[in-house]
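Data block below; observations after.
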Amino acid sequence: MFSLNQIDKDHVFHSAKEVCLLLDELISSLNQGRSCLAYPKRKSIEDIIYSRNMQILVPPVPNDTALSFYIHSSKLIMSLYSINMSSQGRTEITSRQQIECTVQWLNEAVMLFTLALQQCQQLNKVRQGSCLTTMSAAQR
């Protein structure tokens, strides 16, 4: 398997297949990076309560409160949950407050991910077109 981590600035590609694999991995990595910023992974209240982020706060957060910090696109978001244990032993959210702060460089990061992805996809289309041209010329 070909990996982006194996490439240094002096790497010499020996085949078109190597370039294609690198481009595919680059597109996949850009998609994953952009998705992480644009669509944060949802966490259960239990995941939030027992997360490392909750454990490092000093003084500790009260037992009936949970805090969640996450990035959503160009915003840093903090959610505060008031929680209660039900009679069945389940954690219930009694209220939720949220505060958002726009972070300009996050917006720029999402935009740059998108632009890089578009450039790679255009390069991929050119690559696919040249492969088809080469294959049809070889069949003649």
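Chain identifiers are assigned as A, B, and so on, following the order in which chains appear in the structure tokens; residues are numbered from 1 within each chain, and ligands are numbered from 1 in order of appearance.
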* To do: Please provide as a PyMOL selection string all residues within 9 Å of stretch 112-121 of chain A, with the sequence filter that same-chain residues fewer than 3 positions apart are discarded (counting only C-alpha atoms).
  => chain A and resi 23-24+26-27+30-31+33-34+107-109+124-126
* Using only C-alpha atoms, which residues sit within 10 Å of A:Cys36 once same-chain residues fewer than 5 positions away are excluded, as a VMD selection string? -> chain A and resid 30 to 31 41 71 to 73 110
Any chance you can output those residues with N, CA and C atoms as a PDB file, in the first residue's frame?
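The resulting again_22.pdb:
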```pdb
ATOM      1  N   LEU A  30      -8.081  14.602   2.475  1.00  0.00           N
ATOM      2  CA  LEU A  30      -8.696  15.936   2.452  1.00  0.00           C
ATOM      3  C   LEU A  30     -10.181  15.861   2.786  1.00  0.00           C
ATOM      4  N   ASN A  31     -10.873  14.870   2.233  1.00  0.00           N
ATOM      5  CA  ASN A  31     -12.295  14.671   2.555  1.00  0.00           C
ATOM      6  C   ASN A  31     -12.480  14.414   4.037  1.00  0.00           C
ATOM      7  N   LYS A  41     -18.216  14.533  15.185  1.00  0.00           N
ATOM      8  CA  LYS A  41     -18.809  13.268  15.615  1.00  0.00           C
ATOM      9  C   LYS A  41     -19.675  13.504  16.852  1.00  0.00           C
ATOM     10  N   ILE A  71     -15.566  21.581  17.720  1.00  0.00           N
ATOM     11  CA  ILE A  71     -15.515  22.478  16.567  1.00  0.00           C
ATOM     12  C   ILE A  71     -16.578  22.045  15.579  1.00  0.00           C
ATOM     13  N   HIS A  72     -17.338  23.001  15.096  1.00  0.00           N
ATOM     14  CA  HIS A  72     -18.310  22.749  14.033  1.00  0.00           C
ATOM     15  C   HIS A  72     -18.103  23.813  12.968  1.00  0.00           C
ATOM     16  N   SER A  73     -17.494  23.413  11.873  1.00  0.00           N
ATOM     17  CA  SER A  73     -17.184  24.302  10.760  1.00  0.00           C
ATOM     18  C   SER A  73     -16.286  25.433  11.247  1.00  0.00           C
ATOM     19  N   VAL A 110     -11.508  25.486   6.582  1.00  0.00           N
ATOM     20  CA  VAL A 110     -12.542  24.748   5.840  1.00  0.00           C
ATOM     21  C   VAL A 110     -12.497  25.140   4.366  1.00  0.00           C
TER      22      VAL A 110
END
```
* Which parts of chain A does DSSP call alpha helix (DSSP H) when run on the backbone here, written out as a PyMOL selection string? -> chain A and resi 16-38+45-49+52-55+104-139
Take the residues from that selection and write them out as an mmCIF file, in the first residue's frame, keeping C-alpha atoms.
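New file again_29.cif:
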```
data_model
loop_
_atom_site.group_PDB
_atom_site.id
_atom_site.type_symbol
_atom_site.label_atom_id
_atom_site.label_comp_id
_atom_site.auth_asym_id
_atom_site.auth_seq_id
_atom_site.Cartn_x
_atom_site.Cartn_y
_atom_site.Cartn_z
ATOM 1 C CA ALA A 16 1.583 6.237 -13.024
ATOM 2 C CA LYS A 17 -0.045 3.792 -10.617
ATOM 3 C CA GLU A 18 2.018 5.250 -7.743
ATOM 4 C CA VAL A 19 0.830 8.755 -8.626
ATOM 5 C CA CYS A 20 -2.786 7.571 -8.894
ATOM 6 C CA LEU A 21 -2.627 5.841 -5.505
ATOM 7 C CA LEU A 22 -1.104 8.944 -3.928
ATOM 8 C CA LEU A 23 -3.763 11.189 -5.456
ATOM 9 C CA ASP A 24 -6.557 8.870 -4.267
ATOM 10 C CA GLU A 25 -5.136 8.844 -0.741
ATOM 11 C CA LEU A 26 -4.716 12.624 -0.780
ATOM 12 C CA ILE A 27 -8.351 13.111 -1.849
ATOM 13 C CA SER A 28 -9.487 10.710 0.871
ATOM 14 C CA SER A 29 -7.419 12.516 3.534
ATOM 15 C CA LEU A 30 -8.696 15.936 2.452
ATOM 16 C CA ASN A 31 -12.295 14.671 2.555
ATOM 17 C CA GLN A 32 -11.740 13.220 6.019
ATOM 18 C CA GLY A 33 -10.118 16.420 7.325
ATOM 19 C CA ARG A 34 -12.871 18.635 5.968
ATOM 20 C CA SER A 35 -15.566 16.312 7.325
ATOM 21 C CA CYS A 36 -14.001 16.360 10.800
ATOM 22 C CA LEU A 37 -14.304 20.143 10.864
ATOM 23 C CA ALA A 38 -17.670 20.443 9.155
ATOM 24 C CA ILE A 45 -23.847 12.102 27.283
ATOM 25 C CA GLU A 46 -21.937 9.223 28.900
ATOM 26 C CA ASP A 47 -19.002 9.798 26.534
ATOM 27 C CA ILE A 48 -19.040 13.480 27.462
ATOM 28 C CA ILE A 49 -19.212 12.820 31.215
ATOM 29 C CA ARG A 52 -10.653 13.265 29.412
ATOM 30 C CA ASN A 53 -11.751 16.880 28.886
ATOM 31 C CA MET A 54 -14.123 16.661 31.848
ATOM 32 C CA GLN A 55 -11.489 15.031 34.062
ATOM 33 C CA GLN A 104 -12.040 33.139 11.543
ATOM 34 C CA TRP A 105 -9.063 30.880 10.852
ATOM 35 C CA LEU A 106 -11.314 27.805 11.151
ATOM 36 C CA ASN A 107 -13.479 29.235 8.377
ATOM 37 C CA GLU A 108 -10.325 29.737 6.318
ATOM 38 C CA ALA A 109 -9.218 26.164 7.075
ATOM 39 C CA VAL A 110 -12.542 24.748 5.840
ATOM 40 C CA MET A 111 -12.278 26.910 2.724
ATOM 41 C CA LEU A 112 -8.683 25.774 2.070
ATOM 42 C CA PHE A 113 -9.668 22.114 2.542
ATOM 43 C CA THR A 114 -12.444 22.654 -0.011
ATOM 44 C CA LEU A 115 -10.153 24.392 -2.509
ATOM 45 C CA ALA A 116 -7.454 21.726 -2.167
ATOM 46 C CA LEU A 117 -10.065 19.015 -2.629
ATOM 47 C CA GLN A 118 -11.416 20.704 -5.769
ATOM 48 C CA GLN A 119 -7.898 21.005 -7.209
ATOM 49 C CA CYS A 120 -7.173 17.335 -6.529
ATOM 50 C CA GLN A 121 -10.501 16.285 -8.047
ATOM 51 C CA GLN A 122 -9.762 18.326 -11.190
ATOM 52 C CA LEU A 123 -6.325 16.717 -11.396
ATOM 53 C CA ASN A 124 -7.965 13.325 -10.945
ATOM 54 C CA LYS A 125 -10.363 14.041 -13.854
ATOM 55 C CA VAL A 126 -7.421 15.038 -16.069
ATOM 56 C CA ARG A 127 -5.613 11.859 -15.030
ATOM 57 C CA GLN A 128 -8.666 9.730 -15.844
ATOM 58 C CA GLY A 129 -9.061 11.448 -19.210
ATOM 59 C CA SER A 130 -5.429 10.847 -20.129
ATOM 60 C CA CYS A 131 -5.709 7.195 -19.095
ATOM 61 C CA LEU A 132 -8.726 6.771 -21.405
ATOM 62 C CA THR A 133 -6.882 8.505 -24.263
ATOM 63 C CA THR A 134 -3.838 6.272 -23.730
ATOM 64 C CA MET A 135 -5.986 3.125 -23.605
ATOM 65 C CA SER A 136 -7.924 4.004 -26.781
ATOM 66 C CA ALA A 137 -4.666 4.827 -28.613
ATOM 67 C CA ALA A 138 -3.221 1.469 -27.544
ATOM 68 C CA GLN A 139 -6.291 -0.351 -28.909
#
```
* Mind the document's chain letters and residue numbers, and return as an NGL selection string the residues of chain A that DSSP labels strand (DSSP E or B). => :A and (65-72 or 75-85 or 91-102)
Please produce a file of those selected residues containing N, CA and C atoms, as a PDB file, in the first residue's frame.
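Listed below is the output, result_35.pdb:
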```pdb
ATOM      1  N   THR A  65     -23.423  18.161  36.233  1.00  0.00           N
ATOM      2  CA  THR A  65     -23.098  19.015  35.091  1.00  0.00           C
ATOM      3  C   THR A  65     -22.083  18.322  34.189  1.00  0.00           C
ATOM      4  N   ALA A  66     -22.256  18.528  32.893  1.00  0.00           N
ATOM      5  CA  ALA A  66     -21.277  18.029  31.919  1.00  0.00           C
ATOM      6  C   ALA A  66     -20.991  19.137  30.915  1.00  0.00           C
ATOM      7  N   LEU A  67     -19.740  19.219  30.483  1.00  0.00           N
ATOM      8  CA  LEU A  67     -19.319  20.217  29.503  1.00  0.00           C
ATOM      9  C   LEU A  67     -18.767  19.526  28.265  1.00  0.00           C
ATOM     10  N   SER A  68     -19.087  20.086  27.133  1.00  0.00           N
ATOM     11  CA  SER A  68     -18.570  19.555  25.876  1.00  0.00           C
ATOM     12  C   SER A  68     -18.042  20.708  25.037  1.00  0.00           C
ATOM     13  N   PHE A  69     -16.809  20.574  24.567  1.00  0.00           N
ATOM     14  CA  PHE A  69     -16.210  21.549  23.657  1.00  0.00           C
ATOM     15  C   PHE A  69     -15.983  20.851  22.330  1.00  0.00           C
ATOM     16  N   TYR A  70     -16.381  21.481  21.256  1.00  0.00           N
ATOM     17  CA  TYR A  70     -16.117  20.886  19.945  1.00  0.00           C
ATOM     18  C   TYR A  70     -16.128  21.959  18.868  1.00  0.00           C
ATOM     19  N   ILE A  71     -15.566  21.581  17.720  1.00  0.00           N
ATOM     20  CA  ILE A  71     -15.515  22.478  16.567  1.00  0.00           C
ATOM     21  C   ILE A  71     -16.578  22.045  15.579  1.00  0.00           C
ATOM     22  N   HIS A  72     -17.338  23.001  15.096  1.00  0.00           N
ATOM     23  CA  HIS A  72     -18.310  22.749  14.033  1.00  0.00           C
ATOM     24  C   HIS A  72     -18.103  23.813  12.968  1.00  0.00           C
ATOM     25  N   LYS A  75     -16.864  27.392  13.890  1.00  0.00           N
ATOM     26  CA  LYS A  75     -17.247  27.790  15.242  1.00  0.00           C
ATOM     27  C   LYS A  75     -16.670  26.851  16.294  1.00  0.00           C
ATOM     28  N   LEU A  76     -16.265  27.444  17.404  1.00  0.00           N
ATOM     29  CA  LEU A  76     -15.922  26.694  18.595  1.00  0.00           C
ATOM     30  C   LEU A  76     -17.176  26.728  19.461  1.00  0.00           C
ATOM     31  N   ILE A  77     -17.637  25.557  19.855  1.00  0.00           N
ATOM     32  CA  ILE A  77     -18.906  25.465  20.583  1.00  0.00           C
ATOM     33  C   ILE A  77     -18.671  24.811  21.942  1.00  0.00           C
ATOM     34  N   MET A  78     -19.283  25.394  22.961  1.00  0.00           N
ATOM     35  CA  MET A  78     -19.287  24.795  24.286  1.00  0.00           C
ATOM     36  C   MET A  78     -20.737  24.526  24.656  1.00  0.00           C
ATOM     37  N   SER A  79     -21.006  23.295  25.020  1.00  0.00           N
ATOM     38  CA  SER A  79     -22.347  22.929  25.478  1.00  0.00           C
ATOM     39  C   SER A  79     -22.267  22.554  26.946  1.00  0.00           C
ATOM     40  N   LEU A  80     -23.217  23.046  27.712  1.00  0.00           N
ATOM     41  CA  LEU A  80     -23.308  22.756  29.133  1.00  0.00           C
ATOM     42  C   LEU A  80     -24.585  21.963  29.357  1.00  0.00           C
ATOM     43  N   TYR A  81     -24.444  20.799  29.958  1.00  0.00           N
ATOM     44  CA  TYR A  81     -25.590  19.926  30.206  1.00  0.00           C
ATOM     45  C   TYR A  81     -25.837  19.825  31.701  1.00  0.00           C
ATOM     46  N   SER A  82     -27.093  19.998  32.104  1.00  0.00           N
ATOM     47  CA  SER A  82     -27.507  19.661  33.463  1.00  0.00           C
ATOM     48  C   SER A  82     -28.057  18.253  33.380  1.00  0.00           C
ATOM     49  N   ILE A  83     -27.531  17.376  34.218  1.00  0.00           N
ATOM     50  CA  ILE A  83     -27.912  15.964  34.119  1.00  0.00           C
ATOM     51  C   ILE A  83     -28.456  15.450  35.440  1.00  0.00           C
ATOM     52  N   ASN A  84     -29.193  14.372  35.334  1.00  0.00           N
ATOM     53  CA  ASN A  84     -29.831  13.749  36.480  1.00  0.00           C
ATOM     54  C   ASN A  84     -29.834  12.244  36.246  1.00  0.00           C
ATOM     55  N   MET A  85     -29.666  11.469  37.297  1.00  0.00           N
ATOM     56  CA  MET A  85     -29.758  10.015  37.168  1.00  0.00           C
ATOM     57  C   MET A  85     -31.210   9.605  37.384  1.00  0.00           C
ATOM     58  N   THR A  91     -28.649   8.109  32.640  1.00  0.00           N
ATOM     59  CA  THR A  91     -28.330   9.532  32.706  1.00  0.00           C
ATOM     60  C   THR A  91     -29.312  10.286  31.824  1.00  0.00           C
ATOM     61  N   GLU A  92     -29.999  11.259  32.411  1.00  0.00           N
ATOM     62  CA  GLU A  92     -30.958  12.062  31.660  1.00  0.00           C
ATOM     63  C   GLU A  92     -30.485  13.512  31.619  1.00  0.00           C
ATOM     64  N   ILE A  93     -30.666  14.137  30.476  1.00  0.00           N
ATOM     65  CA  ILE A  93     -30.330  15.553  30.326  1.00  0.00           C
ATOM     66  C   ILE A  93     -31.563  16.360  30.712  1.00  0.00           C
ATOM     67  N   THR A  94     -31.428  17.210  31.743  1.00  0.00           N
ATOM     68  CA  THR A  94     -32.564  18.031  32.165  1.00  0.00           C
ATOM     69  C   THR A  94     -32.566  19.393  31.476  1.00  0.00           C
ATOM     70  N   SER A  95     -31.382  19.886  31.099  1.00  0.00           N
ATOM     71  CA  SER A  95     -31.310  21.115  30.301  1.00  0.00           C
ATOM     72  C   SER A  95     -29.968  21.161  29.574  1.00  0.00           C
ATOM     73  N   ARG A  96     -29.962  21.960  28.515  1.00  0.00           N
ATOM     74  CA  ARG A  96     -28.744  22.103  27.704  1.00  0.00           C
ATOM     75  C   ARG A  96     -28.611  23.566  27.296  1.00  0.00           C
ATOM     76  N   GLN A  97     -27.449  24.117  27.552  1.00  0.00           N
ATOM     77  CA  GLN A  97     -27.135  25.482  27.138  1.00  0.00           C
ATOM     78  C   GLN A  97     -25.954  25.406  26.178  1.00  0.00           C
ATOM     79  N   GLN A  98     -25.916  26.328  25.232  1.00  0.00           N
ATOM     80  CA  GLN A  98     -24.837  26.292  24.249  1.00  0.00           C
ATOM     81  C   GLN A  98     -24.350  27.700  23.958  1.00  0.00           C
ATOM     82  N   ILE A  99     -23.048  27.832  23.816  1.00  0.00           N
ATOM     83  CA  ILE A  99     -22.460  29.104  23.415  1.00  0.00           C
ATOM     84  C   ILE A  99     -21.520  28.827  22.239  1.00  0.00           C
ATOM     85  N   GLU A 100     -21.561  29.736  21.259  1.00  0.00           N
ATOM     86  CA  GLU A 100     -20.755  29.567  20.050  1.00  0.00           C
ATOM     87  C   GLU A 100     -19.862  30.785  19.865  1.00  0.00           C
ATOM     88  N   CYS A 101     -18.692  30.531  19.338  1.00  0.00           N
ATOM     89  CA  CYS A 101     -17.752  31.603  19.030  1.00  0.00           C
ATOM     90  C   CYS A 101     -17.179  31.339  17.641  1.00  0.00           C
ATOM     91  N   THR A 102     -17.337  32.293  16.738  1.00  0.00           N
ATOM     92  CA  THR A 102     -16.776  32.144  15.400  1.00  0.00           C
ATOM     93  C   THR A 102     -15.271  32.365  15.464  1.00  0.00           C
TER      94      THR A 102
END
```
